[in-house]
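**Student:** Before anything else, here's the structure in question.
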Amino acid sequence: MKEFMLLIRNTEDAKTALSNEQHQEFLNGCKVFIERLEREEKLISAQPLIREGKMISGTPGAWTEGPYKEGNEIIVGYYHILAKDMNDAIEIAKDNPEFAFSATARIEVRPIKMKEETTGFVYPKTV
């Protein structure tokens, strides 16, 4: 199995129009999704992200600190998963409840680099 990061993107206010009942349904959908991934031994970690943050850039001695978003879309959470390959990771991402509750949701599916091929350096593993 290979490691992938599913970066959940959505508009900052995507869920504000949901009723309390719909929001609870969404949270329950996330719980069910997470529990299924755990049973299948495909979940390493998953967390929602707080909407506020900072973006830093620059070089030592010349840092810039500003808002973390360019537009209305932000990363609202992530899933660190195990999958056979990119296609398997994409199929897992398609089951994410974010899509059932928001037409603006997008998920970035990215393989995680475990080793630098040029130097042989192996990144530390937390699993």
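Convention: chains lettered A, B, ... in structure tokens order; per-chain residue numbering from 1; ligands numbered from 1 as shown.
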Find the residues near range 90-93 of chain A: any atom within 8 Å, counting only C-alpha atoms, skip ones fewer than 4 places away on the same chain, and give them as a ChimeraX atom specification.
**Tutor:** /A:6,86,107,109
**Student:** Quick one: DSSP strand (DSSP E) residues in range 1-124 of chain A, as a ChimeraX atom specification?
**Tutor:** /A:2-11,43-48,54-59,62-67,73-83,106-111
**Student:** Write out as number ranges by chain each polymer residue whose atoms come within 7 Å of range 76-79 of chain A, counting only C-alpha atoms; drop sequence neighbours fewer than 2 positions from it.
**Tutor:** A: 5-10, 45-49, 51, 74, 81
**Student:** Would you please work out which residue, of A:Glu35, A:Glu40, A:Asp88, A:Glu98, is nearest to Lys2 in chain A when using only C-alpha atoms?
**Tutor:**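 Selected residue with least distance to Lys2 in chain A: A:Asp88.
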**Student:** Using only C-alpha atoms for the distances, tell me which of A:Phe101, A:Asn87, A:Ala62, A:Gly53 is nearest to Thr16 in chain A.
**Tutor:**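 With only C-alpha atoms as the atom set, the closest residue is A:Phe101.
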**Student:** Give the answer as one residue: which of A:Ile50, A:Ala89, A:Pro97, A:Met55 has the shortest atom-to-atom distance to Gln24 in chain A, using only C-alpha atoms?
**Tutor:**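 Checking each of A:Ile50, A:Ala89, A:Pro97, A:Met55 against Gln24 in chain A, counting only C-alpha atoms, the winner is A:Pro97.
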